[in-house]
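Coordinates from query_12.txt are shown below (compact mmCIF, C-alpha atoms and all ligand atoms).
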```txt
# COMPACT_ATOMS: atom_id res chain seq x y z
CA MET O 4 0.00 0.00 0.00
CA ASN O 5 1.30 3.50 -0.90
CA ILE O 6 0.27 6.68 0.89
CA LEU O 7 0.95 10.15 -0.48
CA GLY O 8 1.77 12.61 2.33
CA ILE O 9 1.33 16.35 1.85
CA GLU O 10 2.74 18.96 4.24
CA THR O 11 2.29 22.74 3.93
CA SER O 12 1.93 23.92 7.54
CA CYS O 13 4.64 26.58 7.47
CA ASP O 14 7.27 27.46 4.86
CA GLU O 15 8.04 24.08 3.30
CA THR O 16 5.96 22.59 0.50
CA ALA O 17 6.51 18.86 0.88
CA ALA O 18 5.18 15.66 -0.67
CA SER O 19 6.27 12.09 -0.10
CA VAL O 20 5.22 8.57 -0.99
CA VAL O 21 5.58 6.03 1.81
CA ALA O 22 4.86 2.31 1.48
CA ASP O 23 4.16 -0.17 4.26
CA GLU O 24 6.98 -2.58 4.85
CA ILE O 25 5.59 -5.99 5.69
CA GLY O 26 7.90 -8.62 7.15
CA THR O 27 10.79 -6.35 8.21
CA ASN O 28 11.55 -4.60 11.49
CA LYS O 29 10.75 -1.25 9.85
CA LEU O 30 7.10 -0.27 9.66
CA TRP O 31 7.27 1.85 6.53
CA ARG O 32 9.54 2.59 3.59
CA ILE O 33 10.09 6.02 2.06
CA ARG O 34 9.77 5.79 -1.72
CA SER O 35 10.22 9.53 -2.26
CA ASN O 36 10.54 12.59 -0.04
CA ILE O 37 10.45 16.00 -1.76
CA VAL O 38 10.77 19.28 0.13
CA SER O 39 10.68 22.68 -1.52
CA SER O 40 11.92 25.16 1.08
CA GLN O 41 10.95 28.83 1.08
CA VAL O 42 13.92 29.82 3.25
CA LYS O 43 15.39 32.17 0.60
CA LEU O 44 12.03 33.91 0.17
CA HIS O 45 11.66 34.67 3.87
CA ALA O 46 15.35 35.27 4.71
CA GLU O 47 15.05 38.90 3.63
CA TRP O 48 12.41 39.44 6.33
CA GLY O 49 14.20 37.47 9.04
CA GLY O 50 11.17 35.21 9.57
CA VAL O 51 8.23 33.58 7.81
CA VAL O 52 5.77 36.05 6.23
CA PRO O 53 2.45 34.13 6.23
CA GLU O 54 0.96 35.73 3.11
CA LEU O 55 4.11 35.12 1.06
CA ALA O 56 4.26 31.55 2.36
CA SER O 57 0.75 30.62 1.27
CA ARG O 58 1.22 32.18 -2.18
CA GLN O 59 4.45 30.21 -2.67
CA HIS O 60 2.72 26.96 -1.61
CA VAL O 61 0.16 27.57 -4.38
CA ARG O 62 3.00 27.88 -6.91
CA ASP O 63 4.92 24.84 -5.65
CA ILE O 64 2.35 22.23 -4.69
CA CYS O 65 1.69 20.73 -8.17
CA PRO O 66 5.34 20.30 -9.22
CA VAL O 67 6.32 18.99 -5.76
CA VAL O 68 3.57 16.33 -5.75
CA LYS O 69 4.32 15.30 -9.34
CA ARG O 70 8.00 14.90 -8.48
CA ALA O 71 7.19 12.82 -5.41
CA LEU O 72 5.18 10.49 -7.60
CA SER O 73 7.79 10.24 -10.35
CA GLU O 74 10.68 9.65 -7.91
CA ALA O 75 8.60 6.89 -6.31
CA ASP O 76 8.20 5.48 -9.83
CA LEU O 77 4.44 5.32 -9.39
CA ASP O 78 1.30 6.41 -11.18
CA TRP O 79 -1.64 8.28 -9.57
CA HIS O 80 -3.61 5.02 -9.48
CA ASP O 81 -0.95 3.29 -7.37
CA LEU O 82 -1.90 5.53 -4.43
CA SER O 83 -4.17 4.05 -1.75
CA ALA O 84 -4.76 7.18 0.34
CA ILE O 85 -3.68 10.78 0.85
CA ALA O 86 -2.51 12.01 4.26
CA VAL O 87 -2.44 15.77 4.75
CA THR O 88 -1.39 18.07 7.57
CA GLN O 89 -4.61 19.55 8.95
CA GLY O 90 -2.88 21.68 11.62
CA PRO O 91 -1.41 23.24 13.66
CA GLY O 92 0.32 25.86 11.51
CA LEU O 93 -0.25 28.99 9.46
CA ILE O 94 -3.84 28.91 8.29
CA GLY O 95 -3.20 30.21 4.75
CA SER O 96 -0.40 27.68 4.26
CA LEU O 97 -2.42 24.77 5.68
CA LEU O 98 -5.39 25.60 3.45
CA VAL O 99 -3.31 25.12 0.30
CA GLY O 100 -2.34 21.56 1.26
CA VAL O 101 -5.81 20.67 2.56
CA ALA O 102 -7.65 22.03 -0.52
CA PHE O 103 -5.21 20.33 -2.90
CA SER O 104 -5.49 17.00 -1.05
CA LYS O 105 -9.27 17.10 -0.98
CA GLY O 106 -9.37 17.67 -4.75
CA LEU O 107 -6.90 14.88 -5.42
CA ALA O 108 -8.60 12.39 -3.06
CA ALA O 109 -12.00 13.13 -4.65
CA SER O 110 -10.73 12.76 -8.19
CA LEU O 111 -8.89 9.48 -7.45
CA GLY O 112 -11.72 8.16 -5.24
CA ILE O 113 -9.35 7.30 -2.36
CA PRO O 114 -9.49 8.13 1.39
CA LEU O 115 -8.25 11.44 2.76
CA ILE O 116 -6.54 11.20 6.16
CA PRO O 117 -6.17 14.29 8.38
CA VAL O 118 -2.87 14.36 10.28
CA ASN O 119 -1.71 16.52 13.18
CA HIS O 120 1.68 18.01 12.31
CA LEU O 121 3.03 17.15 15.79
CA ALA O 122 1.89 13.54 15.44
CA GLY O 123 3.89 13.59 12.21
CA HIS O 124 7.02 14.71 14.09
CA ILE O 125 6.49 11.91 16.65
CA GLU O 126 5.98 9.33 13.88
CA SER O 127 9.22 10.45 12.19
CA LEU O 128 10.91 8.48 15.00
CA PHE O 129 8.98 5.30 14.17
CA LEU O 130 9.52 5.87 10.44
CA HIS O 131 13.27 6.00 10.86
CA ASN O 132 13.78 3.52 13.71
CA GLY O 133 10.89 1.05 13.42
CA SER O 134 9.24 0.36 16.78
CA LEU O 135 10.50 2.22 19.88
CA PRO O 136 10.58 0.54 23.31
CA LEU O 137 7.37 1.80 24.95
CA PRO O 138 6.33 3.71 26.96
CA SER O 139 8.47 6.43 25.46
CA VAL O 140 8.82 10.10 26.35
CA VAL O 141 9.08 12.13 23.15
CA LEU O 142 10.20 15.73 22.91
CA VAL O 143 8.91 17.58 19.85
CA VAL O 144 11.07 20.66 19.49
CA SER O 145 10.71 22.95 16.50
CA GLY O 146 10.22 26.56 15.44
CA GLY O 147 6.58 26.54 16.51
CA HIS O 148 6.49 23.97 19.33
CA THR O 149 8.33 22.61 22.32
CA SER O 150 6.16 19.85 23.74
CA LEU O 151 6.72 16.65 25.69
CA TYR O 152 4.57 13.60 25.02
CA LEU O 153 4.18 10.28 26.73
CA VAL O 154 3.65 7.55 24.12
CA PRO O 155 2.32 4.54 26.07
CA GLU O 156 1.45 2.57 22.93
CA PRO O 157 1.74 3.13 19.17
CA GLY O 158 -0.46 5.99 17.97
CA ILE O 159 -1.34 7.28 21.50
CA TYR O 160 0.23 10.63 22.37
CA ARG O 161 -0.36 12.24 25.79
CA LEU O 162 0.82 15.82 26.27
CA ILE O 163 2.81 16.04 29.53
CA GLY O 164 4.65 19.36 29.13
CA ARG O 165 4.98 22.31 26.78
CA THR O 166 6.47 25.75 26.45
CA ARG O 167 4.72 28.57 28.24
CA ASP O 168 6.02 31.15 25.75
CA ASP O 169 8.55 30.82 22.91
CA ALA O 170 9.39 27.52 21.24
CA ALA O 171 13.08 26.59 21.41
CA GLY O 172 13.49 26.99 17.63
CA GLU O 173 11.86 30.41 17.83
CA ALA O 174 14.39 31.41 20.51
CA TYR O 175 17.21 30.21 18.23
CA ASP O 176 15.81 32.27 15.34
CA LYS O 177 15.35 35.41 17.45
CA VAL O 178 18.79 35.22 19.09
CA ALA O 179 20.40 34.68 15.66
CA LYS O 180 18.64 37.79 14.35
CA LEU O 181 19.92 39.75 17.35
CA LEU O 182 23.47 38.62 16.55
CA GLY O 183 23.12 39.44 12.85
CA LEU O 184 23.35 35.76 11.80
CA SER O 185 21.51 34.27 8.85
CA TYR O 186 17.94 32.93 8.85
CA PRO O 187 16.90 30.32 9.97
CA GLY O 188 18.88 30.90 13.12
CA GLY O 189 19.13 27.33 14.43
CA PRO O 190 21.68 26.00 11.93
CA ALA O 191 23.61 29.32 12.05
CA ILE O 192 23.95 29.25 15.87
CA ASP O 193 24.72 25.52 15.82
CA GLN O 194 27.61 26.26 13.45
CA ARG O 195 28.98 29.31 15.29
CA ALA O 196 28.72 27.59 18.70
CA ARG O 197 31.44 25.13 17.59
CA ASP O 198 34.04 27.93 17.76
CA GLY O 199 32.80 29.35 21.06
CA CYS O 200 33.24 28.64 24.75
CA ASP O 201 30.00 27.38 26.29
CA ASP O 202 30.76 28.60 29.81
CA ALA O 203 31.82 32.09 28.75
CA ILE O 204 28.45 33.52 29.84
CA LEU O 205 26.03 32.07 32.36
CA PHE O 206 22.58 32.59 30.82
CA PRO O 207 19.71 31.77 33.19
CA VAL O 208 16.90 29.42 32.16
CA ALA O 209 13.51 29.73 33.83
CA ARG O 210 12.44 26.71 35.81
CA MET O 211 8.69 26.28 36.10
CA THR O 212 7.52 25.19 39.52
CA HIS O 213 3.74 25.12 39.26
CA ARG O 214 0.91 24.70 36.81
CA ASP O 215 -0.03 27.72 34.69
CA ARG O 216 -3.04 28.99 36.66
CA ASN O 217 -4.21 31.11 33.72
CA LYS O 218 -4.64 28.12 31.45
CA GLY O 219 -7.78 26.78 33.10
CA PRO O 220 -8.31 23.05 33.62
CA SER O 221 -5.27 20.95 32.98
CA VAL O 222 -4.88 19.17 29.67
CA LEU O 223 -1.67 17.61 30.84
CA SER O 224 -2.76 14.98 33.32
CA VAL O 225 -2.02 11.39 32.46
CA PRO O 226 -4.10 8.53 33.89
CA GLY O 227 -2.36 7.33 37.04
CA PHE O 228 -0.35 10.53 37.38
CA GLU O 229 -3.15 13.07 38.03
CA LYS O 230 -1.69 14.03 41.40
CA ASP O 231 2.00 13.60 40.76
CA GLY O 232 2.52 17.23 41.83
CA CYS O 233 5.07 17.68 39.04
CA GLU O 234 2.78 19.06 36.41
CA GLY O 235 4.09 22.46 35.37
CA ARG O 236 7.62 21.46 36.30
CA ARG O 237 7.68 19.67 32.99
CA ASP O 238 6.97 22.95 31.18
CA PHE O 239 9.56 25.00 29.31
CA SER O 240 10.14 28.73 28.97
CA PHE O 241 12.61 30.45 26.65
CA SER O 242 11.53 34.08 26.50
CA GLY O 243 13.53 35.08 29.62
CA LEU O 244 16.64 33.48 28.15
CA LYS O 245 16.13 35.43 24.93
CA THR O 246 15.81 38.70 26.91
CA SER O 247 18.90 37.91 28.89
CA VAL O 248 20.88 37.36 25.65
CA ARG O 249 19.56 40.69 24.33
CA ARG O 250 20.65 42.52 27.49
CA TYR O 251 24.07 40.89 27.34
CA VAL O 252 24.51 41.85 23.66
CA GLU O 253 23.54 45.45 24.44
CA SER O 254 26.00 45.59 27.34
CA CYS O 255 28.81 44.32 25.07
CA LYS O 256 28.02 46.75 22.29
CA TYR O 257 27.90 49.91 24.35
CA HIS O 258 31.43 50.45 25.62
CA ASP O 259 32.44 53.88 26.89
CA GLY O 260 29.23 55.39 25.56
CA GLU O 261 29.96 54.15 22.02
CA ASN O 262 28.12 51.62 19.93
CA GLN O 263 30.64 48.99 18.85
CA ALA O 264 30.15 45.89 16.71
CA LEU O 265 30.45 42.53 18.44
CA GLN O 266 33.74 40.72 17.80
CA ASP O 267 33.56 37.35 16.03
CA SER O 268 34.79 35.54 19.13
CA GLU O 269 32.12 37.25 21.28
CA ILE O 270 29.40 36.09 18.87
CA SER O 271 30.70 32.51 19.01
CA ASP O 272 30.82 32.57 22.84
CA ILE O 273 27.24 33.90 23.02
CA CYS O 274 26.09 31.18 20.59
CA ALA O 275 27.82 28.40 22.57
CA SER O 276 26.55 29.66 25.95
CA PHE O 277 23.00 30.19 24.68
CA GLN O 278 22.95 26.75 23.07
CA LYS O 279 24.21 25.10 26.24
CA ALA O 280 21.37 26.73 28.24
CA VAL O 281 18.71 25.62 25.71
CA VAL O 282 19.98 22.06 25.39
CA GLU O 283 20.32 21.58 29.17
CA SER O 284 16.82 22.86 29.74
CA LEU O 285 15.35 20.58 27.05
CA LEU O 286 17.19 17.49 28.23
CA ASN O 287 16.65 18.06 31.96
CA ARG O 288 12.87 18.14 31.57
CA THR O 289 12.82 15.26 29.10
CA PHE O 290 14.92 12.89 31.19
CA GLU O 291 13.11 13.87 34.43
CA ALA O 292 9.80 13.04 32.73
CA ALA O 293 11.21 9.76 31.39
CA LYS O 294 12.17 8.76 34.94
CA LEU O 295 8.83 9.79 36.42
CA PHE O 296 6.78 7.90 33.82
CA GLY O 297 9.01 4.83 33.81
CA ALA O 298 9.81 5.31 30.11
CA GLN O 299 11.75 2.63 28.26
CA SER O 300 13.07 5.11 25.73
CA VAL O 301 13.40 8.79 24.89
CA GLY O 302 12.68 10.26 21.45
CA ILE O 303 13.55 13.72 20.17
CA SER O 304 12.06 15.07 16.93
CA GLY O 305 11.29 18.37 15.16
CA GLY O 306 13.59 20.89 13.47
CA VAL O 307 15.73 21.55 16.56
CA ALA O 308 16.45 17.80 16.77
CA ALA O 309 18.87 18.54 13.90
CA ASN O 310 21.03 20.43 16.43
CA SER O 311 24.43 18.79 16.80
CA ARG O 312 24.82 19.49 20.53
CA LEU O 313 21.28 18.36 21.37
CA ARG O 314 21.88 15.10 19.50
CA ALA O 315 25.26 14.43 21.10
CA ASP O 316 24.18 15.38 24.65
CA ALA O 317 20.95 13.37 24.37
CA LEU O 318 22.90 10.25 23.38
CA SER O 319 25.37 10.67 26.24
CA ARG O 320 22.57 11.23 28.77
CA GLY O 321 20.95 8.11 27.38
CA SER O 322 24.05 6.04 28.07
CA GLU O 323 24.43 7.58 31.55
CA THR O 324 20.83 6.76 32.48
CA GLY O 325 20.53 3.46 30.62
CA LEU O 326 17.72 4.77 28.43
CA SER O 327 17.84 4.28 24.69
CA VAL O 328 17.57 7.56 22.80
CA TYR O 329 15.95 7.77 19.38
CA LEU O 330 16.48 10.56 16.86
CA PRO O 331 15.26 10.95 13.28
CA THR O 332 17.74 11.57 10.43
CA LEU O 333 18.45 15.26 9.78
CA GLU O 334 16.14 15.08 6.74
CA LEU O 335 13.28 13.74 8.85
CA SER O 336 13.90 16.20 11.73
CA THR O 337 12.84 19.34 9.87
CA ASP O 338 9.42 19.59 8.22
CA ASN O 339 8.77 16.90 5.63
CA ALA O 340 5.85 14.94 4.23
CA ALA O 341 7.20 11.42 4.84
CA MET O 342 6.37 11.81 8.54
CA ILE O 343 2.84 12.93 7.58
CA ALA O 344 2.38 9.85 5.38
CA ALA O 345 3.68 7.63 8.24
CA ALA O 346 1.21 9.18 10.70
CA GLY O 347 -1.44 8.74 8.00
CA PHE O 348 -0.73 4.99 7.84
CA ARG O 349 -1.29 4.76 11.57
CA ARG O 350 -4.61 6.63 11.36
CA LEU O 351 -5.84 4.69 8.32
CA ARG O 352 -5.29 1.44 10.23
CA GLU O 353 -7.38 2.91 13.07
CA GLY O 354 -10.14 3.47 10.50
CA VAL O 355 -9.80 7.26 10.43
CA SER O 356 -10.56 9.14 7.23
CA ALA O 357 -11.99 12.60 6.62
CA PRO O 358 -15.06 13.80 4.75
CA LEU O 359 -14.49 16.22 1.88
CA ASP O 360 -15.58 19.19 3.99
CA LEU O 361 -12.41 18.79 6.08
CA ASN O 362 -11.05 22.17 7.13
CA ALA O 363 -7.56 23.26 8.15
CA GLU O 364 -7.12 24.14 11.86
CA ALA O 365 -4.36 26.56 12.82
CA THR O 366 -4.47 25.60 16.51
CA LEU O 367 -5.20 21.88 16.26
CA ILE O 368 -4.04 20.03 19.39
CA ILE O 369 -3.27 16.38 19.93
O1 LIG N 1 10.21 21.37 12.46
P1 LIG N 1 10.61 22.58 11.69
O2 LIG N 1 11.25 22.37 10.33
O3 LIG N 1 9.39 23.56 11.48
C1 LIG N 1 8.44 23.79 12.47
O4 LIG N 1 7.51 22.94 12.62
O5 LIG N 1 8.61 24.81 13.17
O6 LIG N 1 11.62 23.42 12.63
C2 LIG N 1 12.20 24.63 12.21
C3 LIG N 1 13.03 25.15 13.36
C4 LIG N 1 13.61 26.55 13.13
O7 LIG N 1 13.34 27.36 14.26
C5 LIG N 1 15.10 26.30 12.97
O8 LIG N 1 15.91 27.40 13.41
C6 LIG N 1 15.29 25.08 13.85
O9 LIG N 1 14.14 24.28 13.61
N1 LIG N 1 16.50 24.34 13.49
C7 LIG N 1 17.56 24.20 14.32
C8 LIG N 1 18.56 23.50 13.61
N2 LIG N 1 18.07 23.22 12.36
C9 LIG N 1 16.80 23.74 12.31
N3 LIG N 1 17.73 24.64 15.59
C10 LIG N 1 18.93 24.36 16.19
N4 LIG N 1 19.92 23.72 15.54
C11 LIG N 1 19.80 23.26 14.28
N5 LIG N 1 20.80 22.62 13.68
ZN ZN N 2 7.40 21.02 12.24
```

Starting from the file, lay out its structure as structure tokens.
Amino acid sequence: MNILGIETSCDETAASVVADEIGTNKLWRIRSNIVSSQVKLHAEWGGVVPELASRQHVRDICPVVKRALSEADLDWHDLSAIAVTQGPGLIGSLLVGVAFSKGLAASLGIPLIPVNHLAGHIESLFLHNGSLPLPSVVLVVSGGHTSLYLVPEPGIYRLIGRTRDDAAGEAYDKVAKLLGLSYPGGPAIDQRARDGCDDAILFPVARMTHRDRNKGPSVLSVPGFEKDGCEGRRDFSFSGLKTSVRRYVESCKYHDGENQALQDSEISDICASFQKAVVESLLNRTFEAAKLFGAQSVGISGGVAANSRLRADALSRGSETGLSVYLPTLELSTDNAAMIAAAGFRRLREGVSAPLDLNAEATLII
């Protein structure tokens, strides 16, 4: 069976054909995985401009899907279903993928499967590694999200922690902009941090100690752990860190009443120290949660999972704690449609398909 995945939630137009892999230890096989990135288009603005993004998706979606099909060496009629990102994301961008997928599913007479983008990031781990030892604690860390999930069994995702403000990738992008580095900021800081000293500056990271009282009833409780008293402590916060980097940069620039450019070595030290703070905060919460929930493994996915220090530190914490750590390939870490097709397989097996009045949802939650 072949599923076509379509992903347009932010600034990547992506299409992929994934086949089920019967009789091997992998669940699925990627037959093609095409991503058309809009990075160059948005770089000038230092961030994604939603209106430009949706217009570019309209231009790119047909050629990207056709290429996914031809690289998979398949014909339209070899497709069994279409999985599409329904949300969360930029509404204009999501609508392009959803409208296109509805039209294609109707014309081919095959099921349309709505997929949550974050479920896609979680399934990228299963797509690359086959089955994970469960229960697993999975950190989804990207430009739009920093969320912790408990995965007790395949296809079940329970939210156990999330950022109260900025996502980690967003903090990377904003700090890079502050330092005059290129967009997107994550890869740029990752690169510069290699030349810097990570204990040059001690940046503070907020530690949450209680539930967010303004959020109303909790969505984070997990059966059996309703009164663990740790809810909230599994949350993240990166906006204070970002402010502290800004203040530090300002203090370096204004010497003797004059505005001076940062030296290259100062930029590298800031990158390394900032990255250390982010990675420690992400891994502390993730491994604490894994211990609390008796996880058999830890997974890390999403764009920031491409970060070299996060990957290396996660693996060494795994060996220290005896927990196996799972990461997607770099290609499957950032937004792609193969993970959407994989999540679609899971949902199709559960009997989920969508009617043709399916709508995109910018704030869809798992
Ligand atoms: O998952 P993704 O492609 O899109 C969203 O769903 O947001 O993640 C994009 C984010 C951006 O914020 C980008 O700066 C960050 O992932 N990113 C990285 C690295 N590569 C991408 N952050 C840190 N280090 C990297 N190597
Ligand atoms: Zn994403």

Can you pull out every residue with an atom within 10 Å of ligand LIG 1 (chain N)? Use only C-alpha atoms and all ligand atoms and format it as number ranges by chain. O: 12-15, 40, 50, 91-92, 120-121, 124, 143-149, 170-177, 179, 185-194, 278, 281-282, 304-314, 333-339

For the atom pair atom CA of O:Trp31 and atom CA of O:Pro358, what is the interatomic distance in Å to one decimal place?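 Interatomic distance, atom CA of O:Trp31 to atom CA of O:Pro358: 25.4 Å.
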
For ligand ZN 2 (chain N), the nearest of the candidates O:Thr324, O:Thr88, O:Ser73, O:Ser242, counting only C-alpha atoms and all ligand atoms: O:Thr88

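All residues that come within 8 Å of the coordinates (19.3, 32.1, 24.9), counting all atoms listed in the file, are given as Ala174, Tyr175, Val178, Phe206, Phe241, Leu244, Lys245, Thr246, Ser247, Val248, Ser276, Phe277, Gln278, Ala280 and Val281 of chain O.
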
All file atoms of stretch 73-89 of chain O boxed axis-aligned, 3 Å per side, centre plus edges, as AutoDock Vina command-line options:
```
--center_x 3.0 --center_y 11.4 --center_z -1.1 --size_x 21.4 --size_y 22.3 --size_z 26.1
```

Between O:Ala122, O:Val252, O:Ile369, O:Leu7, which is the closest to ligand ZN 2 (chain N) once you count all atoms listed in the file?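 Comparing O:Ala122, O:Val252, O:Ile369, O:Leu7 against ligand ZN 2 (chain N), the winner is O:Ala122.
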
Nearest to ligand ZN 2 (chain N) among O:Ser254, O:Asn287, O:Ser127, O:Ser83, with distances taken over only C-alpha atoms and all ligand atoms: which residue is it?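 The answer is O:Ser127, which sits nearest to ligand ZN 2 (chain N).
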
Please list as a PyMOL selection string every residue within 9 Å of O:Leu44, counting all atoms listed in the file and excluding residues in the same chain fewer than 6 positions away. chain O and resi 51-52+55-56+59
